[in-house]
Amino acid sequence: MKDTTKHPCFNKETAGSCGRVHLPVAPKCNIQCNYCNRKYDCVNESRPGVTSGVLKPFQAAEYMDKVLAKEPRITVAGIAGPGDPFANAEETLETMRLLNEKHPQLLFCLSSNGMGILPHLDEIAELGVSHVTITISAVDPAIGAKIYSWVKDGKIVYRGEQGAKVLLKRQLAAIKGLKERGIVVKVNSIVIPGVNEDHIPEVAKVVSELGADIQNMIPIKPTADTPFADVKEPGHEIIGPLRKEAGKIIEQMTHCKRCRADAVGLLGDDKSASLCGTLKACSELKPIDIKAPRPYVAVSTREGMLINQHLGEAKEFHIWGEDESGNFKLIEKRKAPRSGCGPQRWADLAATLKDCRAVLAAAIGETPQMLLEENGITPHIVSGFIEDALNVIYKGGNIEALKGRRGSIADACCTGTGTKCG
């Protein structure tokens, strides 16, 4: 049984020891809120709807591996946009499936507007989703009409009070259905001065009666190019009394950080900026074609005899294979992709070496290692004679015995800047 108390958003006591990662696999949205402007490329901005990249499910699974290696305190994997998980139901559910297979120990969390979640309640429960947040900022359609520009149900678009009624009906049914399946429910309520601040306690009352576990009042963050761009962000003088009043009805969350759609780390120590490169690199990954034949091995070498060159320095790769007698032969020399293209350089290299089972180099940066592995090419950091390494690759043996003593850029073989070739 998973320890559901280890969700830092639902349990303040664990916020300093348990972390979360938001996997941005859901770019589309089925409603348009008047405070929302989804931008994908601002790493310094912390608010919902913002991410430095969008991932496909298999890329999200790879990114999850990398995140856990760097931040083992992560206990929660969630999807919170940058759109809505259930405007991207196929991607959301596939991501949950992959995570459930690879990391069943994690808590799984989803954050939705509630519009499209109902058909998927049974499946998310079966996939082990333990926590769901539904954003409800009004339970009166007249007020909701001021908050939502439009609501999309399939191919039908509703506006005004009609749209707010459709959305509210789905949201309330979602809370009921989630609680029937034993899922912990948080309700986010965006506090918008002049629009709904006096209405928020009523939201608390309605969602509490349906069984919601906790409410999170989030002050609106005025965002450029939205109808509420000029609304003043409410301070504690507004939020404090509202929490006190609503707190008599339902438990209140008081430590929200208004997380990005790619947030990662502890609530008080977000790592999304430092892991931005990892996220972007994962977003470049291509699916592995496991059926593709891979008879060759690529070698980064200066003179053709020794493995003595950094992957990032190579202007060409020596492609080796076996002949019918089991002897090694140089098949050809292939040009390396030009430098200076970021992760795309390594995606291009993987395509160049798609018939190779392995790459041998004296040093390899983290990003190219990841991209080569994702494309089914095993990178090996080794040194010594090419033929010795080929014997191990083709005939078996301990590749660790061939690892160079100087694998890092600063210690040896790279004449570059020391910033890694990834």
# chains A, B, ... in the order shown; residues from 1 in each chain; ligands from 1
>>> closest_atom_pairs(of="stretch 127-187 of chain A", to="stretch 21-39 of chain A", cutoff="8 Å", atoms="only C-alpha atoms", output="tab-separated table")
residue	atom	partner	partner_atom	distance
A:Lys146	CA	A:Asn34	CA	7.9
A:Ile147	CA	A:Asn34	CA	5.5
A:Tyr148	CA	A:Cys33	CA	4.4
A:Ser149	CA	A:Gln32	CA	5.4
A:Trp150	CA	A:Gln32	CA	5.4
A:Val151	CA	A:Ile31	CA	4.4
A:Lys152	CA	A:Asn30	CA	5.1
A:Asp153	CA	A:Asn30	CA	7.2
>>> write_last_selection(atoms="N, CA, C and O atoms", output="PDB file, in the first residue's frame")
ATOM      1  N   LYS A 146     -17.901  34.881 -16.213  1.00  0.00           N
ATOM      2  CA  LYS A 146     -16.901  35.944 -16.211  1.00  0.00           C
ATOM      3  C   LYS A 146     -15.469  35.384 -16.211  1.00  0.00           C
ATOM      4  O   LYS A 146     -14.524  36.099 -16.542  1.00  0.00           O
ATOM      5  N   ILE A 147     -15.350  34.119 -15.815  1.00  0.00           N
ATOM      6  CA  ILE A 147     -14.028  33.511 -15.657  1.00  0.00           C
ATOM      7  C   ILE A 147     -13.590  32.750 -16.897  1.00  0.00           C
ATOM      8  O   ILE A 147     -12.417  32.748 -17.253  1.00  0.00           O
ATOM      9  N   TYR A 148     -14.565  32.111 -17.587  1.00  0.00           N
ATOM     10  CA  TYR A 148     -14.246  31.270 -18.733  1.00  0.00           C
ATOM     11  C   TYR A 148     -14.710  31.925 -20.028  1.00  0.00           C
ATOM     12  O   TYR A 148     -15.865  32.334 -20.147  1.00  0.00           O
ATOM     13  N   SER A 149     -13.810  32.014 -20.993  1.00  0.00           N
ATOM     14  CA  SER A 149     -14.156  32.567 -22.296  1.00  0.00           C
ATOM     15  C   SER A 149     -14.994  31.578 -23.096  1.00  0.00           C
ATOM     16  O   SER A 149     -15.987  31.950 -23.719  1.00  0.00           O
ATOM     17  N   TRP A 150     -14.576  30.289 -23.067  1.00  0.00           N
ATOM     18  CA  TRP A 150     -15.343  29.242 -23.741  1.00  0.00           C
ATOM     19  C   TRP A 150     -15.027  27.888 -23.138  1.00  0.00           C
ATOM     20  O   TRP A 150     -14.013  27.698 -22.452  1.00  0.00           O
ATOM     21  N   VAL A 151     -15.925  26.955 -23.400  1.00  0.00           N
ATOM     22  CA  VAL A 151     -15.786  25.576 -22.943  1.00  0.00           C
ATOM     23  C   VAL A 151     -16.062  24.680 -24.143  1.00  0.00           C
ATOM     24  O   VAL A 151     -17.052  24.861 -24.852  1.00  0.00           O
ATOM     25  N   LYS A 152     -15.176  23.717 -24.386  1.00  0.00           N
ATOM     26  CA  LYS A 152     -15.313  22.851 -25.557  1.00  0.00           C
ATOM     27  C   LYS A 152     -15.656  21.431 -25.130  1.00  0.00           C
ATOM     28  O   LYS A 152     -14.940  20.808 -24.354  1.00  0.00           O
ATOM     29  N   ASP A 153     -16.758  20.924 -25.666  1.00  0.00           N
ATOM     30  CA  ASP A 153     -17.191  19.554 -25.410  1.00  0.00           C
ATOM     31  C   ASP A 153     -17.178  18.803 -26.736  1.00  0.00           C
ATOM     32  O   ASP A 153     -18.113  18.916 -27.533  1.00  0.00           O
TER      33      ASP A 153
END
>>> select_by_dssp(residues="stretch 253-394 of chain A", states="helix (DSSP H, G or I)", output="PyMOL selection string")
chain A and resi 276-283+311-313+343-352+366-374+386-394
>>> write_last_selection(atoms="N, CA, C and O atoms", output="short mmCIF file (atom, residue, chain, number, x, y, z; two decimals), in the first residue's frame")
data_model
loop_
_atom_site.label_atom_id
_atom_site.label_comp_id
_atom_site.auth_asym_id
_atom_site.auth_seq_id
_atom_site.Cartn_x
_atom_site.Cartn_y
_atom_site.Cartn_z
N CYS A 276 16.06 21.96 -16.94
CA CYS A 276 15.48 22.39 -18.21
C CYS A 276 16.18 21.70 -19.39
O CYS A 276 15.52 21.25 -20.34
N GLY A 277 17.50 21.60 -19.33
CA GLY A 277 18.25 20.96 -20.42
C GLY A 277 17.89 19.50 -20.56
O GLY A 277 17.77 18.98 -21.69
N THR A 278 17.72 18.82 -19.43
CA THR A 278 17.33 17.41 -19.46
C THR A 278 15.95 17.25 -20.08
O THR A 278 15.71 16.35 -20.90
N LEU A 279 15.02 18.13 -19.69
CA LEU A 279 13.66 18.09 -20.25
C LEU A 279 13.69 18.30 -21.76
O LEU A 279 13.06 17.56 -22.53
N LYS A 280 14.44 19.30 -22.21
CA LYS A 280 14.51 19.59 -23.64
C LYS A 280 15.15 18.44 -24.40
O LYS A 280 14.73 18.10 -25.52
N ALA A 281 16.21 17.86 -23.82
CA ALA A 281 16.86 16.73 -24.47
C ALA A 281 15.90 15.56 -24.61
O ALA A 281 15.84 14.91 -25.66
N CYS A 282 15.12 15.29 -23.57
CA CYS A 282 14.14 14.19 -23.63
C CYS A 282 13.06 14.48 -24.67
O CYS A 282 12.56 13.55 -25.31
N SER A 283 12.72 15.75 -24.84
CA SER A 283 11.69 16.09 -25.83
C SER A 283 12.16 15.85 -27.26
O SER A 283 11.35 15.84 -28.18
N LEU A 311 33.65 12.00 -27.93
CA LEU A 311 32.56 11.94 -28.91
C LEU A 311 32.32 13.30 -29.56
O LEU A 311 32.10 13.41 -30.77
N GLY A 312 32.35 14.36 -28.73
CA GLY A 312 32.07 15.69 -29.25
C GLY A 312 33.14 16.26 -30.15
O GLY A 312 32.91 17.22 -30.88
N GLU A 313 34.34 15.67 -30.12
CA GLU A 313 35.43 16.14 -30.97
C GLU A 313 35.43 15.50 -32.35
O GLU A 313 36.07 16.01 -33.27
N PRO A 343 20.90 19.57 -28.57
CA PRO A 343 20.44 18.18 -28.60
C PRO A 343 20.18 17.65 -30.01
O PRO A 343 20.28 16.45 -30.25
N GLN A 344 19.86 18.56 -30.95
CA GLN A 344 19.59 18.11 -32.32
C GLN A 344 20.81 17.44 -32.93
O GLN A 344 20.70 16.52 -33.75
N ARG A 345 22.00 17.90 -32.53
CA ARG A 345 23.22 17.28 -33.04
C ARG A 345 23.26 15.79 -32.70
O ARG A 345 23.64 14.96 -33.54
N TRP A 346 22.84 15.45 -31.50
CA TRP A 346 22.92 14.06 -31.07
C TRP A 346 21.77 13.24 -31.62
O TRP A 346 21.92 12.03 -31.85
N ALA A 347 20.64 13.88 -31.86
CA ALA A 347 19.55 13.19 -32.56
C ALA A 347 19.99 12.86 -34.00
O ALA A 347 19.71 11.77 -34.51
N ASP A 348 20.69 13.81 -34.63
CA ASP A 348 21.21 13.57 -35.98
C ASP A 348 22.28 12.48 -35.98
O ASP A 348 22.36 11.66 -36.91
N LEU A 349 23.10 12.46 -34.92
CA LEU A 349 24.12 11.41 -34.83
C LEU A 349 23.47 10.03 -34.70
O LEU A 349 23.91 9.07 -35.34
N ALA A 350 22.42 9.94 -33.88
CA ALA A 350 21.72 8.67 -33.73
C ALA A 350 21.17 8.19 -35.07
O ALA A 350 21.20 6.99 -35.38
N ALA A 351 20.67 9.12 -35.86
CA ALA A 351 20.17 8.76 -37.19
C ALA A 351 21.31 8.32 -38.11
O ALA A 351 21.18 7.36 -38.88
N THR A 352 22.45 8.99 -38.00
CA THR A 352 23.62 8.64 -38.81
C THR A 352 24.12 7.23 -38.48
O THR A 352 24.59 6.50 -39.35
N GLU A 366 26.53 13.70 -21.04
CA GLU A 366 25.27 13.11 -20.56
C GLU A 366 24.17 13.14 -21.61
O GLU A 366 23.46 12.15 -21.82
N THR A 367 24.01 14.27 -22.29
CA THR A 367 22.93 14.38 -23.28
C THR A 367 23.10 13.43 -24.45
O THR A 367 22.16 12.72 -24.81
N PRO A 368 24.29 13.36 -25.09
CA PRO A 368 24.43 12.38 -26.17
C PRO A 368 24.27 10.95 -25.68
O PRO A 368 23.71 10.11 -26.40
N GLN A 369 24.73 10.64 -24.47
CA GLN A 369 24.52 9.29 -23.94
C GLN A 369 23.03 8.96 -23.92
O GLN A 369 22.61 7.89 -24.37
N MET A 370 22.25 9.88 -23.40
CA MET A 370 20.82 9.65 -23.27
C MET A 370 20.15 9.48 -24.62
O MET A 370 19.34 8.55 -24.83
N LEU A 371 20.48 10.34 -25.57
CA LEU A 371 19.84 10.28 -26.88
C LEU A 371 20.26 9.05 -27.66
O LEU A 371 19.44 8.44 -28.35
N LEU A 372 21.51 8.64 -27.54
CA LEU A 372 21.95 7.42 -28.22
C LEU A 372 21.24 6.20 -27.63
O LEU A 372 20.75 5.33 -28.37
N GLU A 373 21.16 6.13 -26.31
CA GLU A 373 20.49 5.00 -25.65
C GLU A 373 19.03 4.92 -26.06
O GLU A 373 18.49 3.83 -26.31
N GLU A 374 18.36 6.08 -26.11
CA GLU A 374 16.95 6.09 -26.47
C GLU A 374 16.74 5.57 -27.89
O GLU A 374 15.69 5.01 -28.20
N ILE A 386 41.18 -0.48 -30.49
CA ILE A 386 39.83 -0.68 -31.03
C ILE A 386 39.49 -2.17 -31.07
O ILE A 386 38.39 -2.58 -30.68
N GLU A 387 40.46 -2.99 -31.51
CA GLU A 387 40.18 -4.42 -31.68
C GLU A 387 39.83 -5.08 -30.35
O GLU A 387 38.98 -5.97 -30.31
N ASP A 388 40.47 -4.65 -29.25
CA ASP A 388 40.16 -5.23 -27.95
C ASP A 388 38.69 -4.96 -27.57
O ASP A 388 37.99 -5.84 -27.05
N ALA A 389 38.25 -3.73 -27.82
CA ALA A 389 36.86 -3.38 -27.50
C ALA A 389 35.88 -4.11 -28.41
O ALA A 389 34.82 -4.55 -27.96
N LEU A 390 36.23 -4.24 -29.69
CA LEU A 390 35.35 -4.95 -30.62
C LEU A 390 35.19 -6.41 -30.20
O LEU A 390 34.10 -6.99 -30.32
N ASN A 391 36.26 -7.02 -29.70
CA ASN A 391 36.18 -8.40 -29.21
C ASN A 391 35.13 -8.53 -28.11
O ASN A 391 34.36 -9.49 -28.08
N VAL A 392 35.11 -7.55 -27.20
CA VAL A 392 34.14 -7.58 -26.10
C VAL A 392 32.72 -7.36 -26.63
O VAL A 392 31.79 -8.07 -26.25
N ILE A 393 32.55 -6.39 -27.52
CA ILE A 393 31.21 -6.08 -28.04
C ILE A 393 30.63 -7.26 -28.81
O ILE A 393 29.46 -7.64 -28.62
N TYR A 394 31.42 -7.88 -29.67
CA TYR A 394 30.91 -8.93 -30.54
C TYR A 394 30.97 -10.32 -29.92
O TYR A 394 30.11 -11.17 -30.20
#
>>> select_by_dssp(residues="stretch 96-337 of chain A", states="strand (DSSP E)", output="ChimeraX atom specification")
/A:107-112,129-135,148-153,156-159,184-191,214-219,251-253,264-266,269-270,296-299,306-307,316-322,328-335
>>> residues_around(residues="stretch 246-259 of chain A", least_positions_apart="6", cutoff="8 Å", atoms="only C-alpha atoms", output="ChimeraX atom specification")
/A:9-10,12,46-48,200-201,204-205,208,213-218,267-268
>>> write_last_selection(atoms="N, CA and C atoms", output="PDB file, in the first residue's frame")
ATOM      1  N   CYS A   9       1.861  18.387  -1.701  1.00  0.00           N
ATOM      2  CA  CYS A   9       0.808  19.387  -1.924  1.00  0.00           C
ATOM      3  C   CYS A   9      -0.398  19.136  -1.021  1.00  0.00           C
ATOM      4  N   PHE A  10      -0.604  17.884  -0.671  1.00  0.00           N
ATOM      5  CA  PHE A  10      -1.746  17.524   0.157  1.00  0.00           C
ATOM      6  C   PHE A  10      -1.387  17.425   1.636  1.00  0.00           C
ATOM      7  N   LYS A  12       1.308  19.261   4.199  1.00  0.00           N
ATOM      8  CA  LYS A  12       2.333  20.293   4.393  1.00  0.00           C
ATOM      9  C   LYS A  12       3.544  19.756   5.148  1.00  0.00           C
ATOM     10  N   SER A  46       7.150  31.235 -12.971  1.00  0.00           N
ATOM     11  CA  SER A  46       6.535  30.145 -12.212  1.00  0.00           C
ATOM     12  C   SER A  46       5.034  30.371 -12.095  1.00  0.00           C
ATOM     13  N   ARG A  47       4.293  29.681 -12.935  1.00  0.00           N
ATOM     14  CA  ARG A  47       2.834  29.693 -12.863  1.00  0.00           C
ATOM     15  C   ARG A  47       2.309  28.523 -13.681  1.00  0.00           C
ATOM     16  N   PRO A  48       1.095  28.069 -13.374  1.00  0.00           N
ATOM     17  CA  PRO A  48       0.521  26.970 -14.161  1.00  0.00           C
ATOM     18  C   PRO A  48       0.417  27.346 -15.642  1.00  0.00           C
ATOM     19  N   ILE A 200     -15.954  32.522  -2.997  1.00  0.00           N
ATOM     20  CA  ILE A 200     -15.089  31.378  -2.731  1.00  0.00           C
ATOM     21  C   ILE A 200     -15.569  30.511  -1.565  1.00  0.00           C
ATOM     22  N   PRO A 201     -16.058  31.081  -0.447  1.00  0.00           N
ATOM     23  CA  PRO A 201     -16.572  30.216   0.625  1.00  0.00           C
ATOM     24  C   PRO A 201     -17.742  29.338   0.167  1.00  0.00           C
ATOM     25  N   ALA A 204     -16.287  26.398  -1.411  1.00  0.00           N
ATOM     26  CA  ALA A 204     -15.829  25.479  -0.360  1.00  0.00           C
ATOM     27  C   ALA A 204     -16.983  24.625   0.157  1.00  0.00           C
ATOM     28  N   LYS A 205     -18.129  25.246   0.365  1.00  0.00           N
ATOM     29  CA  LYS A 205     -19.294  24.537   0.905  1.00  0.00           C
ATOM     30  C   LYS A 205     -19.767  23.445  -0.057  1.00  0.00           C
ATOM     31  N   SER A 208     -17.162  20.577  -0.486  1.00  0.00           N
ATOM     32  CA  SER A 208     -17.056  19.807   0.751  1.00  0.00           C
ATOM     33  C   SER A 208     -18.206  18.824   0.883  1.00  0.00           C
ATOM     34  N   ASP A 213     -11.459  16.732  -0.237  1.00  0.00           N
ATOM     35  CA  ASP A 213     -10.650  16.624   0.977  1.00  0.00           C
ATOM     36  C   ASP A 213     -10.001  17.937   1.401  1.00  0.00           C
ATOM     37  N   ILE A 214      -9.651  18.780   0.436  1.00  0.00           N
ATOM     38  CA  ILE A 214      -8.912  19.998   0.761  1.00  0.00           C
ATOM     39  C   ILE A 214      -9.133  21.028  -0.340  1.00  0.00           C
ATOM     40  N   GLN A 215      -9.095  22.304   0.042  1.00  0.00           N
ATOM     41  CA  GLN A 215      -9.226  23.391  -0.929  1.00  0.00           C
ATOM     42  C   GLN A 215      -7.946  24.211  -0.941  1.00  0.00           C
ATOM     43  N   ASN A 216      -7.559  24.661  -2.119  1.00  0.00           N
ATOM     44  CA  ASN A 216      -6.377  25.486  -2.279  1.00  0.00           C
ATOM     45  C   ASN A 216      -6.777  26.785  -2.956  1.00  0.00           C
ATOM     46  N   MET A 217      -6.755  27.880  -2.213  1.00  0.00           N
ATOM     47  CA  MET A 217      -7.059  29.195  -2.791  1.00  0.00           C
ATOM     48  C   MET A 217      -5.786  29.758  -3.411  1.00  0.00           C
ATOM     49  N   ILE A 218      -5.828  30.030  -4.704  1.00  0.00           N
ATOM     50  CA  ILE A 218      -4.661  30.527  -5.422  1.00  0.00           C
ATOM     51  C   ILE A 218      -4.935  31.960  -5.884  1.00  0.00           C
ATOM     52  N   LEU A 267       8.831  21.525  -2.985  1.00  0.00           N
ATOM     53  CA  LEU A 267       8.044  22.747  -3.206  1.00  0.00           C
ATOM     54  C   LEU A 267       8.870  24.001  -2.950  1.00  0.00           C
ATOM     55  N   GLY A 268       9.755  23.929  -1.969  1.00  0.00           N
ATOM     56  CA  GLY A 268      10.577  25.087  -1.637  1.00  0.00           C
ATOM     57  C   GLY A 268      11.931  25.092  -2.299  1.00  0.00           C
TER      58      GLY A 268
END
>>> atom_distance(atom1="atom CA of A:Lys315", atom2="atom CA of A:Phe385")
19.6 Å
>>> residues_around(residues="A:Asp198", least_positions_apart="6", cutoff="10 Å", atoms="only C-alpha atoms", output="ChimeraX atom specification")
/A:191-192,238,242
>>> residues_around(residues="stretch 134-142 of chain A", least_positions_apart="4", cutoff="6 Å", atoms="only C-alpha atoms", output="list in words")
Ser112, Asn113, Gly114, Glu161, Ala164, Lys165, Val187, Asn188, Ser189, Ile190 and Val203 of chain A
>>> closest_residue(among="A:Met305, A:Thr95, A:Glu245, A:Ala80", to="A:Tyr63", atoms="only C-alpha atoms")
A:Thr95
